[in-house]
Amino acid sequence: MTRPEDVVELVPDEFRAFVHRFSAQDGGVGGPSGADWAARLPRLLADVLDEWGLEPLGTGRTGWTAVVVPVRRDGERLALRLVWPHVESRDEALVLRHWDGRGAVRLVAADPGRSVLLLEALDPDRDLRALDVDTACTVAGELMGQLHVPAPAGLRRLSTVAHEQLVKLESADGALPRRMLERTATLVRDLTADELCDATLVHTDLHYENVLASRPGSGRPDWLAIDPHAMAGHPGFEVQPLLRNRTDELGTGSTFRYLVRRRLEICCEAAGVDEDEALAWTYVHTAMEAGWAAGDGDRDAVSFNVALLKALDS
């Protein structure tokens with residue numbers, strides 16, 4: 001039997017300290033606080049390793065809310081993902097099973113009640129940052145074309161989330177200039193009136209680090225999406241993460257606007273998404289990002305998103 005003290009070193013101390021910042025209310029699913037979850041994490045990891053017959057192969061890699069431990073079972077390399085329970089990760093197992101490895105990492109096993117997933121092993125050292133940005137946007141767009149299938153029942157609905165965030169934006173003090181707030185409100189009303197607004201399964205966080213290379217010799221496609229924050233929504237909402245990352249490559253002034261629009265254009269063409277619809281939804285998505293940044297007190301992120309709104313609004 002694996003003991004918690006046998007596996008505690010598999011989870012970096014920095015990650016457990018980081019998740020302490022999250023309250024139970026932050027998760028939005030009635031789960032534990034980050035501090036409580038981090039305290040239980042070694043026991044959870046030990047239990048799952050035993051229950052699923054897994055051999056750990058090294059220290060886990062971490063993101064904001066999850067740790068992924070490389071493991072082996074019956075000679076096969078896999079990845080064990082343990083996630084602090086929160087609303088954006090709630091449906092990860094559901095949608096990975098729905099995609100069944102088409103465009104996304106393959107789900108091997110899941111325990112949604114404990115927010116634990118067993119996944120095929122990908123190459124964690126190679127993501128879309130390894131490619132020039134135009135090629136990366138093409139790859140991401142091609143993946144979107146595979147991932148955008150009819151949404152399964154039970155997902156969060158983009159129309160609901162958009163209206164909720166609009167209310168918060170309107171009540172926030174100075175998150176957005178008045179003109180941008182009014183435009184956002186008009187777009188939310190118009191876009192959510194479309195009966196297809198909530199028809200498509202969308203990843204919503206398909207940025208460059210959330211696409212990993214497959215392992216050599218696996219027979220799988222070269223690139224696969226990971227870590228969906230899934231919604232039932234519109235494909236046009238999907239493009240924005242490609243604009244808010246690798247920002248040092250966007251330049252300033254007229255170059256900034258040109259390169260923002262170029263990324264959107266490349267992605268839409270590869271994904272088969274209408275560019276005008278993507279522009280409208282990306283404006284809404286960016287306004288939402290500005291609101292979240294304002295709530296976190298991140299003035300730099302607010303300023304960046306305002307600049308992005310300007311580039312999109314012409």
# chains A, B, ... in the order shown; residues from 1 in each chain; ligands from 1
call {"tool": "closest_atom_pairs", "arguments": {"of": "stretch 103-202 of chain A", "to": "stretch 81-99 of chain A", "cutoff": "10 Å", "atoms": "only C-alpha atoms", "output": "JSON lines"}}
result
{"residue": "A:Gly103", "atom": "CA", "partner": "A:Trp99", "partner_atom": "CA", "distance": 7.3}
{"residue": "A:Ala104", "atom": "CA", "partner": "A:Trp99", "partner_atom": "CA", "distance": 6.8}
{"residue": "A:Val105", "atom": "CA", "partner": "A:Leu96", "partner_atom": "CA", "distance": 7.3}
{"residue": "A:Arg106", "atom": "CA", "partner": "A:Leu96", "partner_atom": "CA", "distance": 6.8}
{"residue": "A:Leu107", "atom": "CA", "partner": "A:Leu96", "partner_atom": "CA", "distance": 6.0}
{"residue": "A:Val108", "atom": "CA", "partner": "A:Arg97", "partner_atom": "CA", "distance": 8.8}
{"residue": "A:Ala109", "atom": "CA", "partner": "A:Ala93", "partner_atom": "CA", "distance": 8.6}
{"residue": "A:Ala110", "atom": "CA", "partner": "A:Ala93", "partner_atom": "CA", "distance": 6.4}
{"residue": "A:Asp111", "atom": "CA", "partner": "A:Ala93", "partner_atom": "CA", "distance": 8.3}
{"residue": "A:Pro112", "atom": "CA", "partner": "A:Ala93", "partner_atom": "CA", "distance": 6.7}
{"residue": "A:Gly113", "atom": "CA", "partner": "A:Pro85", "partner_atom": "CA", "distance": 9.1}
{"residue": "A:Arg114", "atom": "CA", "partner": "A:Pro85", "partner_atom": "CA", "distance": 7.9}
{"residue": "A:Ser115", "atom": "CA", "partner": "A:Val83", "partner_atom": "CA", "distance": 5.4}
{"residue": "A:Val116", "atom": "CA", "partner": "A:Leu82", "partner_atom": "CA", "distance": 4.7}
{"residue": "A:Leu117", "atom": "CA", "partner": "A:Arg81", "partner_atom": "CA", "distance": 5.1}
{"residue": "A:Leu118", "atom": "CA", "partner": "A:Arg81", "partner_atom": "CA", "distance": 6.2}
{"residue": "A:Leu119", "atom": "CA", "partner": "A:Arg81", "partner_atom": "CA", "distance": 7.4}
{"residue": "A:Gln146", "atom": "CA", "partner": "A:Trp99", "partner_atom": "CA", "distance": 8.7}
{"residue": "A:Leu147", "atom": "CA", "partner": "A:Trp99", "partner_atom": "CA", "distance": 6.9}
{"residue": "A:His148", "atom": "CA", "partner": "A:Trp99", "partner_atom": "CA", "distance": 9.4}
{"residue": "A:Val149", "atom": "CA", "partner": "A:Trp99", "partner_atom": "CA", "distance": 8.4}
{"residue": "A:Pro150", "atom": "CA", "partner": "A:His98", "partner_atom": "CA", "distance": 9.8}
{"residue": "A:Ala151", "atom": "CA", "partner": "A:Val95", "partner_atom": "CA", "distance": 8.6}
{"residue": "A:Pro152", "atom": "CA", "partner": "A:His98", "partner_atom": "CA", "distance": 7.6}
{"residue": "A:Ala153", "atom": "CA", "partner": "A:Leu94", "partner_atom": "CA", "distance": 9.8}
{"residue": "A:Gly154", "atom": "CA", "partner": "A:Asp91", "partner_atom": "CA", "distance": 8.6}
{"residue": "A:Leu155", "atom": "CA", "partner": "A:Asp91", "partner_atom": "CA", "distance": 6.9}
{"residue": "A:Arg156", "atom": "CA", "partner": "A:Asp91", "partner_atom": "CA", "distance": 8.7}
{"residue": "A:Leu201", "atom": "CA", "partner": "A:Val95", "partner_atom": "CA", "distance": 8.1}
{"residue": "A:Val202", "atom": "CA", "partner": "A:Val95", "partner_atom": "CA", "distance": 9.5}
call {"tool": "select_by_dssp", "arguments": {"residues": "stretch 68-278 of chain A", "states": "alpha helix (DSSP H)", "output": "JSON list (two decimals) with N, CA, C and O atoms, in the first residue's frame"}}
result
[["chain", "number", "residue", "atom", "x", "y", "z"],
["A", 92, "GLU", "N", -14.55, 18.27, -17.56],
["A", 92, "GLU", "CA", -13.41, 17.83, -18.36],
["A", 92, "GLU", "C", -13.53, 16.37, -18.77],
["A", 92, "GLU", "O", -13.32, 16.02, -19.94],
["A", 93, "ALA", "N", -13.87, 15.49, -17.83],
["A", 93, "ALA", "CA", -14.00, 14.08, -18.18],
["A", 93, "ALA", "C", -15.11, 13.86, -19.20],
["A", 93, "ALA", "O", -14.96, 13.08, -20.15],
["A", 94, "LEU", "N", -16.23, 14.55, -19.03],
["A", 94, "LEU", "CA", -17.36, 14.42, -19.95],
["A", 94, "LEU", "C", -16.97, 14.76, -21.37],
["A", 94, "LEU", "O", -17.25, 14.01, -22.31],
["A", 95, "VAL", "N", -16.28, 15.90, -21.55],
["A", 95, "VAL", "CA", -16.00, 16.32, -22.93],
["A", 95, "VAL", "C", -14.84, 15.53, -23.54],
["A", 95, "VAL", "O", -14.84, 15.27, -24.75],
["A", 96, "LEU", "N", -13.87, 15.12, -22.72],
["A", 96, "LEU", "CA", -12.80, 14.28, -23.27],
["A", 96, "LEU", "C", -13.37, 12.94, -23.74],
["A", 96, "LEU", "O", -12.97, 12.41, -24.78],
["A", 97, "ARG", "N", -14.31, 12.40, -22.99],
["A", 97, "ARG", "CA", -14.96, 11.16, -23.43],
["A", 97, "ARG", "C", -15.78, 11.42, -24.69],
["A", 97, "ARG", "O", -15.84, 10.57, -25.59],
["A", 98, "HIS", "N", -16.40, 12.59, -24.79],
["A", 98, "HIS", "CA", -17.21, 12.94, -25.95],
["A", 98, "HIS", "C", -16.33, 13.06, -27.20],
["A", 98, "HIS", "O", -16.71, 12.60, -28.28],
["A", 99, "TRP", "N", -15.17, 13.68, -27.06],
["A", 99, "TRP", "CA", -14.25, 13.81, -28.20],
["A", 99, "TRP", "C", -13.59, 12.48, -28.54],
["A", 99, "TRP", "O", -13.21, 12.26, -29.70],
["A", 133, "VAL", "N", 4.33, 31.67, -34.85],
["A", 133, "VAL", "CA", 2.97, 31.95, -34.40],
["A", 133, "VAL", "C", 1.93, 31.72, -35.50],
["A", 133, "VAL", "O", 0.81, 31.27, -35.22],
["A", 134, "ASP", "N", 2.27, 32.01, -36.76],
["A", 134, "ASP", "CA", 1.30, 31.77, -37.83],
["A", 134, "ASP", "C", 0.99, 30.28, -37.96],
["A", 134, "ASP", "O", -0.18, 29.88, -38.09],
["A", 135, "THR", "N", 2.02, 29.45, -37.91],
["A", 135, "THR", "CA", 1.81, 28.00, -37.99],
["A", 135, "THR", "C", 1.05, 27.51, -36.77],
["A", 135, "THR", "O", 0.16, 26.66, -36.88],
["A", 136, "ALA", "N", 1.38, 28.06, -35.60],
["A", 136, "ALA", "CA", 0.69, 27.66, -34.38],
["A", 136, "ALA", "C", -0.80, 27.99, -34.45],
["A", 136, "ALA", "O", -1.64, 27.19, -34.03],
["A", 137, "CYS", "N", -1.13, 29.16, -35.00],
["A", 137, "CYS", "CA", -2.55, 29.52, -35.14],
["A", 137, "CYS", "C", -3.26, 28.61, -36.14],
["A", 137, "CYS", "O", -4.44, 28.28, -35.96],
["A", 138, "THR", "N", -2.54, 28.19, -37.17],
["A", 138, "THR", "CA", -3.12, 27.24, -38.12],
["A", 138, "THR", "C", -3.40, 25.91, -37.45],
["A", 138, "THR", "O", -4.49, 25.33, -37.61],
["A", 139, "VAL", "N", -2.44, 25.40, -36.69],
["A", 139, "VAL", "CA", -2.62, 24.13, -35.99],
["A", 139, "VAL", "C", -3.79, 24.22, -35.01],
["A", 139, "VAL", "O", -4.66, 23.33, -34.95],
["A", 140, "ALA", "N", -3.83, 25.31, -34.23],
["A", 140, "ALA", "CA", -4.92, 25.48, -33.28],
["A", 140, "ALA", "C", -6.27, 25.54, -34.00],
["A", 140, "ALA", "O", -7.25, 24.94, -33.55],
["A", 141, "GLY", "N", -6.32, 26.26, -35.11],
["A", 141, "GLY", "CA", -7.56, 26.33, -35.88],
["A", 141, "GLY", "C", -7.99, 24.98, -36.41],
["A", 141, "GLY", "O", -9.18, 24.64, -36.38],
["A", 142, "GLU", "N", -7.05, 24.21, -36.91],
["A", 142, "GLU", "CA", -7.38, 22.87, -37.41],
["A", 142, "GLU", "C", -7.92, 21.99, -36.29],
["A", 142, "GLU", "O", -8.85, 21.19, -36.50],
["A", 143, "LEU", "N", -7.35, 22.11, -35.10],
["A", 143, "LEU", "CA", -7.87, 21.35, -33.96],
["A", 143, "LEU", "C", -9.28, 21.80, -33.62],
["A", 143, "LEU", "O", -10.16, 20.96, -33.33],
["A", 144, "MET", "N", -9.53, 23.11, -33.65],
["A", 144, "MET", "CA", -10.88, 23.59, -33.39],
["A", 144, "MET", "C", -11.88, 22.98, -34.36],
["A", 144, "MET", "O", -13.01, 22.63, -33.97],
["A", 145, "GLY", "N", -11.46, 22.84, -35.61],
["A", 145, "GLY", "CA", -12.36, 22.24, -36.60],
["A", 145, "GLY", "C", -12.77, 20.82, -36.22],
["A", 145, "GLY", "O", -13.87, 20.38, -36.57],
["A", 146, "GLN", "N", -11.90, 20.12, -35.50],
["A", 146, "GLN", "CA", -12.24, 18.77, -35.03],
["A", 146, "GLN", "C", -13.03, 18.80, -33.72],
["A", 146, "GLN", "O", -13.91, 17.96, -33.50],
["A", 147, "LEU", "N", -12.72, 19.75, -32.86],
["A", 147, "LEU", "CA", -13.32, 19.80, -31.53],
["A", 147, "LEU", "C", -14.73, 20.39, -31.54],
["A", 147, "LEU", "O", -15.52, 20.10, -30.63],
["A", 158, "LEU", "N", -22.77, 29.19, -22.85],
["A", 158, "LEU", "CA", -22.09, 30.46, -23.10],
["A", 158, "LEU", "C", -23.04, 31.64, -22.93],
["A", 158, "LEU", "O", -22.64, 32.69, -22.39],
["A", 159, "SER", "N", -24.27, 31.51, -23.37],
["A", 159, "SER", "CA", -25.21, 32.63, -23.24],
["A", 159, "SER", "C", -25.38, 33.02, -21.77],
["A", 159, "SER", "O", -25.41, 34.21, -21.43],
["A", 160, "THR", "N", -25.48, 32.03, -20.90],
["A", 160, "THR", "CA", -25.64, 32.31, -19.46],
["A", 160, "THR", "C", -24.40, 32.97, -18.89],
["A", 160, "THR", "O", -24.48, 33.98, -18.17],
["A", 161, "VAL", "N", -23.23, 32.42, -19.22],
["A", 161, "VAL", "CA", -21.98, 32.96, -18.71],
["A", 161, "VAL", "C", -21.78, 34.40, -19.20],
["A", 161, "VAL", "O", -21.37, 35.29, -18.44],
["A", 162, "ALA", "N", -22.08, 34.65, -20.48],
["A", 162, "ALA", "CA", -21.89, 35.98, -21.04],
["A", 162, "ALA", "C", -22.77, 37.01, -20.34],
["A", 162, "ALA", "O", -22.32, 38.12, -20.02],
["A", 163, "HIS", "N", -24.03, 36.66, -20.08],
["A", 163, "HIS", "CA", -24.91, 37.60, -19.39],
["A", 163, "HIS", "C", -24.48, 37.82, -17.95],
["A", 163, "HIS", "O", -24.54, 38.95, -17.43],
["A", 164, "GLU", "N", -24.04, 36.76, -17.28],
["A", 164, "GLU", "CA", -23.55, 36.90, -15.90],
["A", 164, "GLU", "C", -22.34, 37.83, -15.84],
["A", 164, "GLU", "O", -22.26, 38.70, -14.96],
["A", 165, "GLN", "N", -21.41, 37.65, -16.78],
["A", 165, "GLN", "CA", -20.22, 38.49, -16.77],
["A", 165, "GLN", "C", -20.53, 39.93, -17.17],
["A", 165, "GLN", "O", -19.89, 40.86, -16.69],
["A", 166, "LEU", "N", -21.53, 40.11, -18.03],
["A", 166, "LEU", "CA", -21.93, 41.47, -18.40],
["A", 166, "LEU", "C", -22.47, 42.22, -17.18],
["A", 166, "LEU", "O", -22.13, 43.39, -16.96],
["A", 167, "VAL", "N", -23.27, 41.55, -16.38],
["A", 167, "VAL", "CA", -23.79, 42.18, -15.16],
["A", 167, "VAL", "C", -22.63, 42.60, -14.25],
["A", 167, "VAL", "O", -22.63, 43.71, -13.69],
["A", 168, "LYS", "N", -21.63, 41.74, -14.12],
["A", 168, "LYS", "CA", -20.48, 42.08, -13.26],
["A", 168, "LYS", "C", -19.68, 43.24, -13.86],
["A", 168, "LYS", "O", -19.22, 44.12, -13.12],
["A", 169, "LEU", "N", -19.54, 43.24, -15.18],
["A", 169, "LEU", "CA", -18.83, 44.35, -15.82],
["A", 169, "LEU", "C", -19.56, 45.67, -15.61],
["A", 169, "LEU", "O", -18.94, 46.71, -15.35],
["A", 170, "GLU", "N", -20.87, 45.64, -15.72],
["A", 170, "GLU", "CA", -21.66, 46.87, -15.58],
["A", 170, "GLU", "C", -21.64, 47.40, -14.16],
["A", 170, "GLU", "O", -21.81, 48.59, -13.94],
["A", 171, "SER", "N", -21.43, 46.50, -13.20],
["A", 171, "SER", "CA", -21.40, 46.93, -11.80],
["A", 171, "SER", "C", -19.99, 47.26, -11.32],
["A", 171, "SER", "O", -19.82, 47.85, -10.25],
["A", 178, "ARG", "N", -16.64, 53.52, -20.94],
["A", 178, "ARG", "CA", -18.09, 53.43, -21.16],
["A", 178, "ARG", "C", -18.43, 52.98, -22.56],
["A", 178, "ARG", "O", -19.32, 52.14, -22.75],
["A", 179, "ARG", "N", -17.74, 53.49, -23.57],
["A", 179, "ARG", "CA", -18.06, 53.11, -24.95],
["A", 179, "ARG", "C", -17.86, 51.62, -25.17],
["A", 179, "ARG", "O", -18.68, 50.96, -25.84],
["A", 180, "MET", "N", -16.80, 51.05, -24.61],
["A", 180, "MET", "CA", -16.54, 49.63, -24.78],
["A", 180, "MET", "C", -17.56, 48.79, -24.01],
["A", 180, "MET", "O", -17.99, 47.73, -24.48],
["A", 181, "LEU", "N", -17.96, 49.27, -22.85],
["A", 181, "LEU", "CA", -18.97, 48.56, -22.08],
["A", 181, "LEU", "C", -20.30, 48.53, -22.82],
["A", 181, "LEU", "O", -20.98, 47.49, -22.88],
["A", 182, "GLU", "N", -20.66, 49.65, -23.42],
["A", 182, "GLU", "CA", -21.92, 49.71, -24.18],
["A", 182, "GLU", "C", -21.87, 48.79, -25.40],
["A", 182, "GLU", "O", -22.86, 48.12, -25.71],
["A", 183, "ARG", "N", -20.75, 48.77, -26.08],
["A", 183, "ARG", "CA", -20.61, 47.88, -27.23],
["A", 183, "ARG", "C", -20.68, 46.42, -26.79],
["A", 183, "ARG", "O", -21.32, 45.59, -27.45],
["A", 184, "THR", "N", -20.05, 46.10, -25.68],
["A", 184, "THR", "CA", -20.11, 44.73, -25.17],
["A", 184, "THR", "C", -21.54, 44.33, -24.86],
["A", 184, "THR", "O", -21.99, 43.23, -25.20],
["A", 185, "ALA", "N", -22.28, 45.22, -24.21],
["A", 185, "ALA", "CA", -23.67, 44.91, -23.86],
["A", 185, "ALA", "C", -24.51, 44.67, -25.10],
["A", 185, "ALA", "O", -25.33, 43.73, -25.15],
["A", 186, "THR", "N", -24.33, 45.49, -26.12],
["A", 186, "THR", "CA", -25.07, 45.31, -27.37],
["A", 186, "THR", "C", -24.73, 43.98, -28.02],
["A", 186, "THR", "O", -25.62, 43.24, -28.47],
["A", 187, "LEU", "N", -23.45, 43.65, -28.06],
["A", 187, "LEU", "CA", -23.03, 42.39, -28.68],
["A", 187, "LEU", "C", -23.57, 41.19, -27.91],
["A", 187, "LEU", "O", -24.03, 40.21, -28.52],
["A", 188, "VAL", "N", -23.52, 41.24, -26.58],
["A", 188, "VAL", "CA", -24.03, 40.11, -25.79],
["A", 188, "VAL", "C", -25.51, 39.90, -26.09],
["A", 188, "VAL", "O", -25.96, 38.76, -26.30],
["A", 189, "ARG", "N", -26.28, 40.98, -26.12],
["A", 189, "ARG", "CA", -27.72, 40.84, -26.42],
["A", 189, "ARG", "C", -27.94, 40.27, -27.81],
["A", 189, "ARG", "O", -28.75, 39.35, -28.01],
["A", 190, "ASP", "N", -27.21, 40.79, -28.79],
["A", 190, "ASP", "CA", -27.42, 40.35, -30.17],
["A", 190, "ASP", "C", -26.93, 38.92, -30.39],
["A", 190, "ASP", "O", -27.62, 38.11, -31.03],
["A", 191, "LEU", "N", -25.75, 38.61, -29.89],
["A", 191, "LEU", "CA", -25.16, 37.29, -30.16],
["A", 191, "LEU", "C", -25.91, 36.17, -29.45],
["A", 191, "LEU", "O", -26.07, 35.07, -29.99],
["A", 192, "THR", "N", -26.36, 36.42, -28.24],
["A", 192, "THR", "CA", -27.05, 35.36, -27.49],
["A", 192, "THR", "C", -28.49, 35.18, -27.95],
["A", 192, "THR", "O", -29.15, 34.22, -27.53],
["A", 253, "GLY", "N", 1.18, 49.77, -31.60],
["A", 253, "GLY", "CA", 0.57, 50.64, -32.59],
["A", 253, "GLY", "C", -0.15, 49.89, -33.69],
["A", 253, "GLY", "O", -0.88, 48.93, -33.45],
["A", 254, "SER", "N", 0.06, 50.32, -34.93],
["A", 254, "SER", "CA", -0.62, 49.70, -36.06],
["A", 254, "SER", "C", -0.17, 48.26, -36.27],
["A", 254, "SER", "O", -0.94, 47.43, -36.75],
["A", 255, "THR", "N", 1.07, 47.97, -35.88],
["A", 255, "THR", "CA", 1.55, 46.58, -35.98],
["A", 255, "THR", "C", 0.75, 45.67, -35.06],
["A", 255, "THR", "O", 0.40, 44.54, -35.42],
["A", 256, "PHE", "N", 0.47, 46.15, -33.87],
["A", 256, "PHE", "CA", -0.33, 45.38, -32.90],
["A", 256, "PHE", "C", -1.68, 45.02, -33.50],
["A", 256, "PHE", "O", -2.10, 43.86, -33.48],
["A", 257, "ARG", "N", -2.39, 46.01, -34.05],
["A", 257, "ARG", "CA", -3.70, 45.74, -34.63],
["A", 257, "ARG", "C", -3.59, 44.74, -35.78],
["A", 257, "ARG", "O", -4.37, 43.79, -35.87],
["A", 258, "TYR", "N", -2.60, 44.94, -36.64],
["A", 258, "TYR", "CA", -2.45, 44.06, -37.80],
["A", 258, "TYR", "C", -2.20, 42.62, -37.36],
["A", 258, "TYR", "O", -2.82, 41.68, -37.90],
["A", 259, "LEU", "N", -1.31, 42.41, -36.39],
["A", 259, "LEU", "CA", -0.96, 41.05, -35.99],
["A", 259, "LEU", "C", -2.08, 40.39, -35.19],
["A", 259, "LEU", "O", -2.26, 39.17, -35.29],
["A", 260, "VAL", "N", -2.81, 41.17, -34.41],
["A", 260, "VAL", "CA", -3.99, 40.61, -33.73],
["A", 260, "VAL", "C", -4.99, 40.10, -34.76],
["A", 260, "VAL", "O", -5.48, 38.95, -34.68],
["A", 261, "ARG", "N", -5.29, 40.93, -35.75],
["A", 261, "ARG", "CA", -6.28, 40.54, -36.76],
["A", 261, "ARG", "C", -5.74, 39.39, -37.63],
["A", 261, "ARG", "O", -6.52, 38.54, -38.09],
["A", 262, "ARG", "N", -4.43, 39.35, -37.84],
["A", 262, "ARG", "CA", -3.85, 38.27, -38.64],
["A", 262, "ARG", "C", -4.01, 36.93, -37.93],
["A", 262, "ARG", "O", -4.37, 35.92, -38.55],
["A", 263, "ARG", "N", -3.74, 36.90, -36.63],
["A", 263, "ARG", "CA", -3.94, 35.66, -35.88],
["A", 263, "ARG", "C", -5.38, 35.19, -35.99],
["A", 263, "ARG", "O", -5.65, 34.00, -36.20],
["A", 264, "LEU", "N", -6.30, 36.11, -35.80],
["A", 264, "LEU", "CA", -7.72, 35.75, -35.87],
["A", 264, "LEU", "C", -8.07, 35.21, -37.26],
["A", 264, "LEU", "O", -8.76, 34.19, -37.39],
["A", 265, "GLU", "N", -7.58, 35.88, -38.29],
["A", 265, "GLU", "CA", -7.88, 35.47, -39.66],
["A", 265, "GLU", "C", -7.32, 34.07, -39.96],
["A", 265, "GLU", "O", -8.02, 33.22, -40.54],
["A", 266, "ILE", "N", -6.08, 33.82, -39.56],
["A", 266, "ILE", "CA", -5.45, 32.52, -39.82],
["A", 266, "ILE", "C", -6.23, 31.42, -39.11],
["A", 266, "ILE", "O", -6.53, 30.37, -39.68],
["A", 267, "CYS", "N", -6.55, 31.66, -37.85],
["A", 267, "CYS", "CA", -7.26, 30.65, -37.06],
["A", 267, "CYS", "C", -8.64, 30.37, -37.65],
["A", 267, "CYS", "O", -9.04, 29.20, -37.79],
["A", 268, "CYS", "N", -9.37, 31.42, -38.00],
["A", 268, "CYS", "CA", -10.72, 31.23, -38.54],
["A", 268, "CYS", "C", -10.70, 30.45, -39.85],
["A", 268, "CYS", "O", -11.55, 29.58, -40.08],
["A", 269, "GLU", "N", -9.74, 30.77, -40.71],
["A", 269, "GLU", "CA", -9.65, 30.05, -41.97],
["A", 269, "GLU", "C", -9.38, 28.57, -41.75],
["A", 269, "GLU", "O", -10.00, 27.71, -42.38],
["A", 270, "ALA", "N", -8.47, 28.25, -40.83],
["A", 270, "ALA", "CA", -8.13, 26.85, -40.56],
["A", 270, "ALA", "C", -9.28, 26.11, -39.89],
["A", 270, "ALA", "O", -9.48, 24.91, -40.11],
["A", 271, "ALA", "N", -10.04, 26.83, -39.05],
["A", 271, "ALA", "CA", -11.13, 26.20, -38.29],
["A", 271, "ALA", "C", -12.44, 26.16, -39.04],
["A", 271, "ALA", "O", -13.36, 25.43, -38.64],
["A", 275, "GLU", "N", -15.33, 34.77, -39.93],
["A", 275, "GLU", "CA", -14.44, 35.75, -39.31],
["A", 275, "GLU", "C", -15.20, 36.89, -38.63],
["A", 275, "GLU", "O", -14.81, 37.35, -37.55],
["A", 276, "ASP", "N", -16.30, 37.35, -39.22],
["A", 276, "ASP", "CA", -17.07, 38.43, -38.60],
["A", 276, "ASP", "C", -17.68, 37.97, -37.28],
["A", 276, "ASP", "O", -17.70, 38.73, -36.29],
["A", 277, "GLU", "N", -18.18, 36.72, -37.25],
["A", 277, "GLU", "CA", -18.73, 36.20, -36.01],
["A", 277, "GLU", "C", -17.64, 36.05, -34.96],
["A", 277, "GLU", "O", -17.86, 36.33, -33.76],
["A", 278, "ALA", "N", -16.46, 35.61, -35.39],
["A", 278, "ALA", "CA", -15.35, 35.47, -34.46],
["A", 278, "ALA", "C", -14.92, 36.82, -33.91],
["A", 278, "ALA", "O", -14.60, 36.96, -32.72]]
call {"tool": "atom_distance", "arguments": {"atom1": "atom CA of A:Ser218", "atom2": "atom CA of A:Gly58"}}
result
20.6 Å
call {"tool": "atom_distance", "arguments": {"atom1": "atom CA of A:Arg43", "atom2": "atom CA of A:Asp13"}}
result
15.0 Å
call {"tool": "closest_residue", "arguments": {"among": "A:Asp74, A:Asp198, A:Glu249, A:Asp127", "to": "A:Val211", "atoms": "only C-alpha atoms"}}
result
A:Asp127
call {"tool": "atom_distance", "arguments": {"atom1": "atom CA of A:Gly31", "atom2": "atom CA of A:Glu55"}}
result
27.9 Å
call {"tool": "select_by_dssp", "arguments": {"residues": "stretch 53-172 of chain A", "states": "strand (DSSP E or B)", "output": "MDAnalysis selection string"}}
result
chainID A and resid 55:56 61:62 66:73 76:83 104 107:111 116:120 122:127 150 157
